[in-house]
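K.L.:
My questions will all concern the structure given below.
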Amino acid sequence: MAGEMSLVLVRAVVTKVRMPQDPNAQFDQTVLDMIEHSPIGAVPVTPAYQDAVKRLYASHQAYPDADHKDGHVTARSLARLPLFHAANLAEVTAGQVAPEALESNNSIFDRYVRSLPEARRAKAESYRLTVAGKVAHHRAKQGVVTVHDPVHTLFLVPGTGPHPGLPGNYLYGSAFQVSADAASPWAVHLHDSDDGAAHYDAPDMAGALAKLQEALESAPFNMNELEALGFRLK
């Protein structure tokens with residue numbers, strides 16, 4: 001991964017530089033605790049608290065809360081949330097299962113919706129077509145040769161982007177074959193709830209699935225951190 005640094009290492013360096021002599025560290029920690037103890041992620045609107053929030057955003061320790069207007073959510077609370085991807089992703093990556101047998105996107109999305117509190121499930125469902133897409137059908141060519149749709153697998157991770165994530169503070173993405181050709185390149189895309197996007201181009205399935213795994217291991221994150229992993233922000 002030449003020229004790239006893992007998000008875990010980047011955050012460790014930032015923390016090491018910031019914490020020892022930072023006069024705001026203790027107060028910022030208090031604000032993090034306050035966010036986590038508030039049911040809507042709220043903090044006072046006084047300048048001192050708002051300045052602390054700005055510092056926490058800049059250091060990727062807090063994000064806008066997708067579920068509460070003007071609320072905040074901490075990275076450490078999002079780190080406790082589950083990740084969603086094809087249940088047999090490891091087997092496909094290891095070559096034990098054919099890529100076409102990956103768990104369906106709708107099945108993955110179903111698990112994401114079920115993980116949410118009941119009050120947020122209806123809103124999450126409104127994103128199903130955008131996130132999970134339509135059911136792919138195989139196409140017959142000249143009535144003889146069956147042309148398979150390119151492989152496409154969904155994943156959802158906690159985080160934020162230029163806009164908040166989906167309900168529950170999730171970003172959604174996919175690793176996919178660019179075309180149905182056997183030698184087709186692959187790509188990995190990530191999105192927030194609006195038009196925020198990050199793209200990674202891979203020469204083949206192995207490269208794409210390795211990058212997908214790296215994104216899973218780095219979550220939660222703000223999409224602007226993904227440049228450290230070689231993504232292009234859109």
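Residue numbers start at 1 in each chain; chains themselves are named A, B, ... in the order of the structure tokens; ligands are numbered from 1 in the order shown.
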As a list in words, please: the residues near Ala202 of chain A (cut-off 7 Å, only C-alpha atoms, same-chain neighbours under 5 positions excluded).

P.N.:
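Near Ala202 of chain A, the qualifying residues are Pro185, Trp186, Ala187, Gly207 and Ala208 of chain A.
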
K.L.:
For the contact check between segment 24-64 of chain A and segment 164-171 of chain A, emit one row per residue of segment 24-64 of chain A within 12 Å, containing the shortest atom pair and the distance in Å rounded to one decimal, counting only C-alpha atoms, chain then rising number order, as CSV.

P.N.:
residue,atom,partner,partner_atom,distance
A:Ala62,CA,A:Asn169,CA,11.7
A:Tyr63,CA,A:Pro164,CA,8.2
A:Pro64,CA,A:Pro164,CA,6.2

K.L.:
Could you pull out the residues in segment 63-108 of chain A that DSSP calls strand (DSSP E) from the backbone, as a PyMOL selection string?

P.N.:
chain A and resi 63-64+72-74

K.L.:
Mind giving me the straight-line distance from atom CA of Ile35 of chain A to atom CA of His72 of chain A in Å, one decimal?

P.N.:
6.5 Å

K.L.:
I need the residue nearest Asp181 of chain A from this list: A:Met205, A:Thr93, A:Pro150, A:Phe155. Use only C-alpha atoms for the distance.

P.N.:
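Closest residue, counting only C-alpha atoms: A:Pro150.
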
K.L.:
Extract, using only C-alpha atoms, all DNA, RNA and protein residues at most 12 Å from Thr30 of chain A, discarding same-chain residues fewer than 2 positions from it, and format them as number ranges by chain.

P.N.:
A: 24-28, 32-37, 43, 48-49, 52-53, 56

K.L.:
I need the residues from that last selection saved to file as a tab-separated table (two decimals), in the first residue's frame (with all heavy atoms), if you can.

P.N.:
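What follows is the written file result02.tsv:
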chain	number	residue	atom	x	y	z
A	24	ASN	N	-6.75	22.20	25.84
A	24	ASN	CA	-8.18	21.95	25.67
A	24	ASN	C	-8.55	20.49	25.83
A	24	ASN	O	-9.74	20.15	25.80
A	24	ASN	CB	-8.61	22.40	24.27
A	24	ASN	CG	-8.42	23.89	24.05
A	24	ASN	OD1	-8.86	24.71	24.84
A	24	ASN	ND2	-7.73	24.24	22.97
A	25	ALA	N	-7.56	19.62	26.00
A	25	ALA	CA	-7.83	18.18	25.97
A	25	ALA	C	-8.84	17.75	27.02
A	25	ALA	O	-9.76	16.97	26.72
A	25	ALA	CB	-6.53	17.41	26.13
A	26	GLN	N	-8.70	18.22	28.24
A	26	GLN	CA	-9.60	17.78	29.30
A	26	GLN	C	-11.02	18.26	29.06
A	26	GLN	O	-11.99	17.52	29.25
A	26	GLN	CB	-9.10	18.28	30.66
A	26	GLN	CG	-9.92	17.74	31.83
A	26	GLN	CD	-9.29	18.08	33.18
A	26	GLN	OE1	-8.17	18.59	33.25
A	26	GLN	NE2	-10.01	17.78	34.26
A	27	PHE	N	-11.15	19.52	28.62
A	27	PHE	CA	-12.49	20.05	28.35
A	27	PHE	C	-13.13	19.31	27.17
A	27	PHE	O	-14.33	18.97	27.21
A	27	PHE	CB	-12.42	21.54	28.05
A	27	PHE	CG	-13.76	22.19	27.83
A	27	PHE	CD1	-14.68	22.27	28.87
A	27	PHE	CD2	-14.11	22.70	26.60
A	27	PHE	CE1	-15.94	22.86	28.67
A	27	PHE	CE2	-15.35	23.29	26.39
A	27	PHE	CZ	-16.27	23.37	27.44
A	28	ASP	N	-12.33	19.03	26.14
A	28	ASP	CA	-12.87	18.31	24.98
A	28	ASP	C	-13.34	16.92	25.38
A	28	ASP	O	-14.35	16.42	24.87
A	28	ASP	CB	-11.82	18.22	23.88
A	28	ASP	CG	-11.53	19.57	23.23
A	28	ASP	OD1	-12.19	20.57	23.61
A	28	ASP	OD2	-10.64	19.63	22.35
A	32	LEU	N	-17.04	15.29	24.88
A	32	LEU	CA	-17.31	13.96	24.32
A	32	LEU	C	-18.25	13.17	25.22
A	32	LEU	O	-19.20	12.54	24.75
A	32	LEU	CB	-16.00	13.19	24.14
A	32	LEU	CG	-15.15	13.49	22.91
A	32	LEU	CD1	-13.83	12.72	22.98
A	32	LEU	CD2	-15.90	13.13	21.63
A	33	ASP	N	-17.97	13.19	26.51
A	33	ASP	CA	-18.83	12.49	27.47
A	33	ASP	C	-20.25	13.06	27.45
A	33	ASP	O	-21.23	12.31	27.52
A	33	ASP	CB	-18.25	12.59	28.88
A	33	ASP	CG	-16.93	11.86	29.03
A	33	ASP	OD1	-16.64	10.97	28.19
A	33	ASP	OD2	-16.18	12.18	29.97
A	34	MET	N	-20.35	14.39	27.34
A	34	MET	CA	-21.65	15.04	27.33
A	34	MET	C	-22.46	14.61	26.10
A	34	MET	O	-23.67	14.33	26.20
A	34	MET	CB	-21.45	16.56	27.32
A	34	MET	CG	-22.74	17.37	27.40
A	34	MET	SD	-22.39	19.14	27.47
A	34	MET	CE	-21.58	19.24	29.08
A	35	ILE	N	-21.80	14.53	24.96
A	35	ILE	CA	-22.47	14.10	23.73
A	35	ILE	C	-23.02	12.69	23.90
A	35	ILE	O	-24.17	12.39	23.55
A	35	ILE	CB	-21.51	14.16	22.53
A	35	ILE	CG1	-21.19	15.61	22.17
A	35	ILE	CG2	-22.10	13.44	21.31
A	35	ILE	CD1	-20.08	15.77	21.15
A	36	GLU	N	-22.21	11.81	24.47
A	36	GLU	CA	-22.62	10.42	24.61
A	36	GLU	C	-23.74	10.22	25.63
A	36	GLU	O	-24.53	9.28	25.51
A	36	GLU	CB	-21.41	9.56	24.97
A	36	GLU	CG	-20.41	9.46	23.82
A	36	GLU	CD	-19.24	8.56	24.14
A	36	GLU	OE1	-19.08	8.15	25.31
A	36	GLU	OE2	-18.46	8.27	23.21
A	37	HIS	N	-23.82	11.10	26.60
A	37	HIS	CA	-24.86	10.97	27.61
A	37	HIS	C	-26.15	11.68	27.24
A	37	HIS	O	-27.16	11.52	27.92
A	37	HIS	CB	-24.34	11.48	28.97
A	37	HIS	CG	-23.38	10.55	29.63
A	37	HIS	ND1	-22.01	10.65	29.48
A	37	HIS	CD2	-23.59	9.46	30.41
A	37	HIS	CE1	-21.42	9.69	30.16
A	37	HIS	NE2	-22.35	8.95	30.73
A	43	VAL	N	-25.01	19.60	22.96
A	43	VAL	CA	-24.13	20.30	23.89
A	43	VAL	C	-24.60	21.75	23.95
A	43	VAL	O	-25.30	22.23	23.05
A	43	VAL	CB	-22.65	20.24	23.45
A	43	VAL	CG1	-22.16	18.81	23.38
A	43	VAL	CG2	-22.44	20.93	22.11
A	48	ALA	N	-17.62	28.44	24.07
A	48	ALA	CA	-16.62	27.47	24.54
A	48	ALA	C	-16.98	26.06	24.10
A	48	ALA	O	-16.11	25.29	23.63
A	48	ALA	CB	-16.50	27.54	26.05
A	49	TYR	N	-18.24	25.70	24.25
A	49	TYR	CA	-18.66	24.34	23.86
A	49	TYR	C	-18.64	24.17	22.34
A	49	TYR	O	-18.24	23.12	21.83
A	49	TYR	CB	-20.06	24.05	24.40
A	49	TYR	CG	-20.04	23.69	25.87
A	49	TYR	CD1	-20.29	24.66	26.84
A	49	TYR	CD2	-19.77	22.39	26.29
A	49	TYR	CE1	-20.28	24.35	28.20
A	49	TYR	CE2	-19.76	22.06	27.64
A	49	TYR	CZ	-20.01	23.05	28.59
A	49	TYR	OH	-19.98	22.72	29.93
A	52	ALA	N	-15.21	23.61	21.19
A	52	ALA	CA	-14.79	22.24	21.50
A	52	ALA	C	-15.32	21.28	20.44
A	52	ALA	O	-14.60	20.37	19.99
A	52	ALA	CB	-15.28	21.84	22.88
A	53	VAL	N	-16.56	21.46	20.03
A	53	VAL	CA	-17.14	20.61	19.00
A	53	VAL	C	-16.34	20.73	17.70
A	53	VAL	O	-16.06	19.73	17.03
A	53	VAL	CB	-18.62	20.97	18.77
A	53	VAL	CG1	-19.15	20.29	17.50
A	53	VAL	CG2	-19.46	20.56	19.97
A	56	LEU	N	-13.26	18.73	18.03
A	56	LEU	CA	-13.55	17.30	17.99
A	56	LEU	C	-13.86	16.84	16.56
A	56	LEU	O	-13.47	15.74	16.16
A	56	LEU	CB	-14.72	16.97	18.92
A	56	LEU	CG	-14.42	17.16	20.41
A	56	LEU	CD1	-15.70	17.03	21.22
A	56	LEU	CD2	-13.38	16.16	20.89

K.L.:
Would you mind listing what lies within 10 Å of Arg120 of chain A as a PyMOL selection string, with only C-alpha atoms counted and same-chain residues fewer than 4 positions away left out?

P.N.:
chain A and resi 67+113-116+124-125+166-168

K.L.:
Between A:Ala215, A:Ala87, A:Lys234, A:Glu225, which one has atoms that come closest to Ala58 of chain A, using only C-alpha atoms?

P.N.:
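Checking each candidate against Ala58 of chain A, we get A:Glu225 as the closest.
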
K.L.:
Restricting the calculation to only C-alpha atoms: of A:His85, A:Pro117, A:Val97, A:Phe109, which residue gets closest to Leu212 of chain A?

P.N.:
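For Leu212 of chain A, the nearest of the candidates is A:His85.
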
K.L.:
Taking only segment 6-228 of chain A into account, list the residues labelled helix (DSSP H, G or I) by DSSP (computed from the backbone), as a short mmCIF file (atom, residue, chain, number, x, y, z; two decimals) with N, CA, C and O atoms, in the first residue's frame.

P.N.:
data_model
loop_
_atom_site.label_atom_id
_atom_site.label_comp_id
_atom_site.auth_asym_id
_atom_site.auth_seq_id
_atom_site.Cartn_x
_atom_site.Cartn_y
_atom_site.Cartn_z
N LEU A 7 -5.73 4.47 8.42
CA LEU A 7 -6.42 5.47 9.22
C LEU A 7 -6.10 5.30 10.70
O LEU A 7 -6.03 6.28 11.44
N VAL A 8 -5.90 4.07 11.13
CA VAL A 8 -5.56 3.84 12.53
C VAL A 8 -4.24 4.52 12.86
O VAL A 8 -4.10 5.18 13.90
N LEU A 9 -3.26 4.40 11.98
CA LEU A 9 -1.95 5.02 12.21
C LEU A 9 -2.05 6.54 12.15
O LEU A 9 -1.46 7.25 12.96
N VAL A 10 -2.80 7.04 11.18
CA VAL A 10 -2.99 8.50 11.07
C VAL A 10 -3.58 9.06 12.35
O VAL A 10 -3.11 10.07 12.89
N ARG A 11 -4.61 8.41 12.88
CA ARG A 11 -5.26 8.90 14.10
C ARG A 11 -4.32 8.81 15.28
O ARG A 11 -4.31 9.68 16.16
N ALA A 12 -3.51 7.77 15.34
CA ALA A 12 -2.57 7.61 16.45
C ALA A 12 -1.54 8.74 16.45
O ALA A 12 -1.19 9.29 17.50
N VAL A 13 -1.07 9.11 15.27
CA VAL A 13 -0.10 10.20 15.16
C VAL A 13 -0.72 11.52 15.59
O VAL A 13 -0.13 12.29 16.34
N VAL A 14 -1.96 11.77 15.11
CA VAL A 14 -2.65 13.02 15.46
C VAL A 14 -2.85 13.11 16.96
O VAL A 14 -2.61 14.14 17.60
N THR A 15 -3.28 12.01 17.57
CA THR A 15 -3.53 11.99 19.02
C THR A 15 -2.24 12.22 19.79
O THR A 15 -2.20 12.98 20.77
N LYS A 16 -1.16 11.58 19.36
CA LYS A 16 0.11 11.72 20.06
C LYS A 16 0.62 13.15 20.01
O LYS A 16 1.15 13.68 20.99
N VAL A 17 0.42 13.81 18.87
CA VAL A 17 0.87 15.19 18.72
C VAL A 17 0.00 16.13 19.54
O VAL A 17 0.48 17.08 20.16
N ARG A 18 -1.31 15.87 19.58
CA ARG A 18 -2.24 16.81 20.15
C ARG A 18 -2.33 16.73 21.67
O ARG A 18 -2.41 17.75 22.36
N ALA A 25 -7.56 19.62 26.00
CA ALA A 25 -7.83 18.18 25.97
C ALA A 25 -8.84 17.75 27.02
O ALA A 25 -9.76 16.97 26.72
N GLN A 26 -8.70 18.22 28.24
CA GLN A 26 -9.60 17.78 29.30
C GLN A 26 -11.02 18.26 29.06
O GLN A 26 -11.99 17.52 29.25
N PHE A 27 -11.15 19.52 28.62
CA PHE A 27 -12.49 20.05 28.35
C PHE A 27 -13.13 19.31 27.17
O PHE A 27 -14.33 18.97 27.21
N ASP A 28 -12.33 19.03 26.14
CA ASP A 28 -12.87 18.31 24.98
C ASP A 28 -13.34 16.92 25.38
O ASP A 28 -14.35 16.42 24.87
N GLN A 29 -12.62 16.30 26.31
CA GLN A 29 -13.04 14.99 26.80
C GLN A 29 -14.39 15.09 27.51
O GLN A 29 -15.26 14.23 27.37
N THR A 30 -14.57 16.17 28.27
CA THR A 30 -15.84 16.40 28.95
C THR A 30 -16.97 16.55 27.94
O THR A 30 -18.08 16.03 28.14
N VAL A 31 -16.70 17.25 26.85
CA VAL A 31 -17.71 17.44 25.81
C VAL A 31 -18.04 16.12 25.13
O VAL A 31 -19.22 15.83 24.83
N LEU A 32 -17.04 15.29 24.88
CA LEU A 32 -17.31 13.96 24.32
C LEU A 32 -18.25 13.17 25.22
O LEU A 32 -19.20 12.54 24.75
N ASP A 33 -17.97 13.19 26.51
CA ASP A 33 -18.83 12.49 27.47
C ASP A 33 -20.25 13.06 27.45
O ASP A 33 -21.23 12.31 27.52
N MET A 34 -20.35 14.39 27.34
CA MET A 34 -21.65 15.04 27.33
C MET A 34 -22.46 14.61 26.10
O MET A 34 -23.67 14.33 26.20
N ILE A 35 -21.80 14.53 24.96
CA ILE A 35 -22.47 14.10 23.73
C ILE A 35 -23.02 12.69 23.90
O ILE A 35 -24.17 12.39 23.55
N GLU A 36 -22.21 11.81 24.47
CA GLU A 36 -22.62 10.42 24.61
C GLU A 36 -23.74 10.22 25.63
O GLU A 36 -24.53 9.28 25.51
N HIS A 37 -23.82 11.10 26.60
CA HIS A 37 -24.86 10.97 27.61
C HIS A 37 -26.15 11.68 27.24
O HIS A 37 -27.16 11.52 27.92
N PRO A 47 -20.05 29.70 23.16
CA PRO A 47 -18.84 29.65 22.33
C PRO A 47 -17.84 28.59 22.76
O PRO A 47 -17.24 27.91 21.92
N ALA A 48 -17.62 28.44 24.07
CA ALA A 48 -16.62 27.47 24.54
C ALA A 48 -16.98 26.06 24.10
O ALA A 48 -16.11 25.29 23.63
N TYR A 49 -18.24 25.70 24.25
CA TYR A 49 -18.66 24.34 23.86
C TYR A 49 -18.64 24.17 22.34
O TYR A 49 -18.24 23.12 21.83
N GLN A 50 -19.07 25.19 21.60
CA GLN A 50 -19.06 25.08 20.15
C GLN A 50 -17.64 25.02 19.60
O GLN A 50 -17.37 24.33 18.61
N ASP A 51 -16.72 25.73 20.24
CA ASP A 51 -15.31 25.62 19.83
C ASP A 51 -14.78 24.22 20.09
O ASP A 51 -14.00 23.67 19.29
N ALA A 52 -15.21 23.61 21.19
CA ALA A 52 -14.79 22.24 21.50
C ALA A 52 -15.32 21.28 20.44
O ALA A 52 -14.60 20.37 19.99
N VAL A 53 -16.56 21.46 20.03
CA VAL A 53 -17.14 20.61 19.00
C VAL A 53 -16.34 20.73 17.70
O VAL A 53 -16.06 19.73 17.03
N LYS A 54 -15.96 21.95 17.34
CA LYS A 54 -15.16 22.14 16.12
C LYS A 54 -13.84 21.40 16.21
O LYS A 54 -13.38 20.79 15.24
N ARG A 55 -13.21 21.44 17.38
CA ARG A 55 -11.94 20.71 17.55
C ARG A 55 -12.17 19.20 17.46
O ARG A 55 -11.35 18.48 16.86
N LEU A 56 -13.26 18.73 18.03
CA LEU A 56 -13.55 17.30 17.99
C LEU A 56 -13.86 16.84 16.56
O LEU A 56 -13.47 15.74 16.16
N TYR A 57 -14.53 17.69 15.79
CA TYR A 57 -14.76 17.37 14.39
C TYR A 57 -13.44 17.32 13.62
O TYR A 57 -13.21 16.43 12.82
N ALA A 58 -12.60 18.32 13.87
CA ALA A 58 -11.33 18.40 13.14
C ALA A 58 -10.43 17.20 13.43
O ALA A 58 -9.66 16.77 12.56
N ALA A 75 -17.06 9.26 17.65
CA ALA A 75 -16.47 8.15 16.91
C ALA A 75 -16.38 6.91 17.79
O ALA A 75 -16.59 5.79 17.32
N ARG A 76 -16.11 7.08 19.07
CA ARG A 76 -15.97 5.90 19.93
C ARG A 76 -17.31 5.20 20.13
O ARG A 76 -17.34 3.97 20.31
N SER A 77 -18.44 5.93 20.09
CA SER A 77 -19.74 5.26 20.18
C SER A 77 -20.06 4.54 18.87
O SER A 77 -20.61 3.44 18.88
N LEU A 78 -19.69 5.15 17.74
CA LEU A 78 -19.93 4.49 16.44
C LEU A 78 -19.06 3.25 16.29
O LEU A 78 -19.44 2.31 15.59
N LEU A 89 -18.27 -13.04 2.52
CA LEU A 89 -17.22 -12.26 1.87
C LEU A 89 -15.84 -12.90 2.06
O LEU A 89 -15.05 -12.95 1.11
N ALA A 90 -15.55 -13.40 3.25
CA ALA A 90 -14.24 -14.00 3.50
C ALA A 90 -14.02 -15.23 2.62
O ALA A 90 -12.91 -15.44 2.09
N GLU A 91 -15.07 -16.03 2.41
CA GLU A 91 -14.95 -17.22 1.58
C GLU A 91 -14.71 -16.85 0.12
O GLU A 91 -13.91 -17.50 -0.58
N VAL A 92 -15.38 -15.81 -0.35
CA VAL A 92 -15.16 -15.35 -1.73
C VAL A 92 -13.75 -14.81 -1.88
O VAL A 92 -13.05 -15.11 -2.85
N THR A 93 -13.30 -14.02 -0.92
CA THR A 93 -11.95 -13.45 -0.96
C THR A 93 -10.90 -14.56 -1.00
O THR A 93 -9.88 -14.44 -1.69
N PRO A 99 -17.71 -15.64 -6.81
CA PRO A 99 -18.22 -14.28 -6.53
C PRO A 99 -19.72 -14.15 -6.77
O PRO A 99 -20.40 -13.40 -6.07
N GLU A 100 -20.24 -14.90 -7.74
CA GLU A 100 -21.67 -14.82 -8.04
C GLU A 100 -22.54 -15.31 -6.88
O GLU A 100 -23.74 -15.05 -6.85
N ALA A 101 -21.92 -16.03 -5.93
CA ALA A 101 -22.68 -16.58 -4.80
C ALA A 101 -22.67 -15.65 -3.58
O ALA A 101 -23.18 -16.02 -2.53
N ASN A 105 -27.46 -8.12 -2.04
CA ASN A 105 -27.47 -6.78 -1.46
C ASN A 105 -28.72 -6.54 -0.61
O ASN A 105 -28.65 -5.90 0.45
N ASN A 106 -29.85 -7.05 -1.06
CA ASN A 106 -31.08 -6.86 -0.28
C ASN A 106 -31.03 -7.59 1.05
O ASN A 106 -31.53 -7.09 2.06
N SER A 107 -30.39 -8.74 1.07
CA SER A 107 -30.24 -9.48 2.33
C SER A 107 -29.34 -8.71 3.30
O SER A 107 -29.63 -8.62 4.50
N ILE A 108 -28.27 -8.14 2.78
CA ILE A 108 -27.37 -7.33 3.61
C ILE A 108 -28.12 -6.12 4.15
O ILE A 108 -28.02 -5.78 5.34
N PHE A 109 -28.89 -5.47 3.27
CA PHE A 109 -29.65 -4.28 3.69
C PHE A 109 -30.70 -4.66 4.73
O PHE A 109 -30.95 -3.89 5.67
N ASP A 110 -31.30 -5.83 4.59
CA ASP A 110 -32.28 -6.29 5.59
C ASP A 110 -31.64 -6.35 6.98
O ASP A 110 -32.25 -5.93 7.98
N ARG A 111 -30.43 -6.87 7.06
CA ARG A 111 -29.75 -6.99 8.36
C ARG A 111 -29.45 -5.62 8.94
O ARG A 111 -29.56 -5.40 10.15
N TYR A 112 -29.07 -4.68 8.08
CA TYR A 112 -28.84 -3.30 8.54
C TYR A 112 -30.11 -2.70 9.12
O TYR A 112 -30.10 -2.15 10.24
N VAL A 113 -31.22 -2.83 8.41
CA VAL A 113 -32.49 -2.25 8.89
C VAL A 113 -32.89 -2.87 10.22
O VAL A 113 -33.31 -2.17 11.15
N ARG A 114 -32.76 -4.18 10.34
CA ARG A 114 -33.17 -4.86 11.58
C ARG A 114 -32.32 -4.43 12.77
O ARG A 114 -32.77 -4.52 13.92
N SER A 115 -31.11 -3.95 12.51
CA SER A 115 -30.24 -3.53 13.61
C SER A 115 -30.65 -2.20 14.22
O SER A 115 -30.21 -1.86 15.32
N GLU A 118 -36.65 0.61 16.19
CA GLU A 118 -37.89 0.54 15.41
C GLU A 118 -38.25 1.89 14.79
O GLU A 118 -38.69 1.96 13.62
N ALA A 119 -38.03 2.98 15.52
CA ALA A 119 -38.45 4.30 15.04
C ALA A 119 -37.65 4.77 13.82
O ALA A 119 -38.10 5.68 13.11
N ARG A 120 -36.50 4.16 13.55
CA ARG A 120 -35.67 4.62 12.42
C ARG A 120 -35.76 3.70 11.20
O ARG A 120 -35.19 4.00 10.16
N ARG A 121 -36.47 2.59 11.33
CA ARG A 121 -36.48 1.62 10.25
C ARG A 121 -37.22 2.10 9.01
O ARG A 121 -36.79 1.82 7.88
N ALA A 122 -38.32 2.81 9.17
CA ALA A 122 -39.07 3.29 8.01
C ALA A 122 -38.22 4.24 7.17
O ALA A 122 -38.21 4.15 5.93
N LYS A 123 -37.51 5.14 7.82
CA LYS A 123 -36.66 6.06 7.07
C LYS A 123 -35.54 5.31 6.37
O LYS A 123 -35.19 5.59 5.22
N ALA A 124 -34.95 4.32 7.05
CA ALA A 124 -33.91 3.51 6.42
C ALA A 124 -34.45 2.79 5.19
O ALA A 124 -33.79 2.73 4.15
N GLU A 125 -35.66 2.27 5.29
CA GLU A 125 -36.27 1.56 4.16
C GLU A 125 -36.43 2.47 2.94
O GLU A 125 -36.39 2.00 1.80
N ARG A 128 -33.73 2.00 0.40
CA ARG A 128 -33.41 0.65 -0.08
C ARG A 128 -33.05 0.62 -1.57
O ARG A 128 -32.05 0.02 -1.97
N LEU A 129 -33.86 1.25 -2.41
CA LEU A 129 -33.61 1.19 -3.85
C LEU A 129 -32.28 1.85 -4.20
O LEU A 129 -31.51 1.35 -5.02
N THR A 130 -31.99 2.98 -3.55
CA THR A 130 -30.74 3.68 -3.80
C THR A 130 -29.54 2.86 -3.33
O THR A 130 -28.52 2.77 -4.03
N VAL A 131 -29.66 2.24 -2.17
CA VAL A 131 -28.52 1.55 -1.55
C VAL A 131 -28.36 0.13 -2.06
O VAL A 131 -27.26 -0.28 -2.48
N ALA A 132 -29.43 -0.64 -2.04
CA ALA A 132 -29.34 -2.05 -2.41
C ALA A 132 -29.59 -2.27 -3.89
O ALA A 132 -29.17 -3.30 -4.45
N MET A 205 -10.65 -8.18 -8.83
CA MET A 205 -11.49 -8.45 -7.66
C MET A 205 -10.66 -8.49 -6.38
O MET A 205 -11.08 -7.96 -5.34
N ALA A 206 -9.50 -9.12 -6.43
CA ALA A 206 -8.67 -9.24 -5.22
C ALA A 206 -8.31 -7.87 -4.67
O ALA A 206 -8.37 -7.64 -3.46
N GLY A 207 -7.95 -6.94 -5.56
CA GLY A 207 -7.59 -5.58 -5.11
C GLY A 207 -8.78 -4.85 -4.53
O GLY A 207 -8.67 -4.14 -3.54
N ALA A 208 -9.96 -5.03 -5.14
CA ALA A 208 -11.16 -4.35 -4.66
C ALA A 208 -11.59 -4.89 -3.31
O ALA A 208 -11.93 -4.13 -2.39
N LEU A 209 -11.59 -6.21 -3.15
CA LEU A 209 -12.03 -6.79 -1.89
C LEU A 209 -11.04 -6.51 -0.76
O LEU A 209 -11.43 -6.36 0.40
N ALA A 210 -9.75 -6.40 -1.10
CA ALA A 210 -8.76 -6.02 -0.08
C ALA A 210 -9.01 -4.59 0.38
O ALA A 210 -8.90 -4.28 1.58
N LYS A 211 -9.35 -3.70 -0.54
CA LYS A 211 -9.64 -2.31 -0.17
C LYS A 211 -10.94 -2.22 0.62
O LYS A 211 -11.04 -1.44 1.58
N LEU A 212 -11.93 -3.02 0.25
CA LEU A 212 -13.17 -3.07 1.02
C LEU A 212 -12.88 -3.49 2.45
O LEU A 212 -13.37 -2.88 3.40
N GLN A 213 -12.06 -4.51 2.62
CA GLN A 213 -11.72 -4.98 3.96
C GLN A 213 -10.98 -3.91 4.75
O GLN A 213 -11.21 -3.73 5.95
N GLU A 214 -10.12 -3.16 4.07
CA GLU A 214 -9.40 -2.07 4.74
C GLU A 214 -10.36 -0.99 5.22
O GLU A 214 -10.20 -0.45 6.33
N ALA A 215 -11.37 -0.69 4.42
CA ALA A 215 -12.39 0.29 4.83
C ALA A 215 -13.17 -0.22 6.03
O ALA A 215 -13.45 0.54 6.97
N LEU A 216 -13.52 -1.50 6.03
CA LEU A 216 -14.24 -2.08 7.16
C LEU A 216 -13.41 -1.96 8.44
O LEU A 216 -13.93 -1.60 9.50
N GLU A 217 -12.12 -2.25 8.34
CA GLU A 217 -11.25 -2.22 9.52
C GLU A 217 -10.99 -0.80 10.01
O GLU A 217 -10.64 -0.61 11.18
N SER A 218 -11.17 0.20 9.15
CA SER A 218 -10.90 1.59 9.51
C SER A 218 -12.11 2.31 10.10
O SER A 218 -11.97 3.39 10.67
N MET A 223 -15.54 10.58 5.58
CA MET A 223 -15.07 10.23 4.24
C MET A 223 -13.84 11.02 3.82
O MET A 223 -13.06 10.53 3.00
N ASN A 224 -13.63 12.20 4.40
CA ASN A 224 -12.43 12.96 4.01
C ASN A 224 -11.15 12.30 4.51
O ASN A 224 -10.05 12.68 4.09
N GLU A 225 -11.27 11.31 5.40
CA GLU A 225 -10.10 10.56 5.83
C GLU A 225 -9.68 9.50 4.81
O GLU A 225 -8.56 8.98 4.88
N LEU A 226 -10.56 9.18 3.88
CA LEU A 226 -10.30 8.05 2.98
C LEU A 226 -9.21 8.34 1.96
O LEU A 226 -8.70 7.41 1.31
N GLU A 227 -8.82 9.60 1.80
CA GLU A 227 -7.70 9.89 0.90
C GLU A 227 -6.44 9.19 1.37
O GLU A 227 -5.58 8.82 0.56
N ALA A 228 -6.31 8.97 2.69
CA ALA A 228 -5.15 8.25 3.22
C ALA A 228 -5.14 6.79 2.78
O ALA A 228 -4.09 6.14 2.82
#

K.L.:
My list of candidates is A:Pro23, A:Gly41, A:Gly196, A:Gly173. Which is closest to Val157 of chain A when distances are computed with only C-alpha atoms?

P.N.:
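Counting only C-alpha atoms, the residue closest to Val157 of chain A is A:Gly173.
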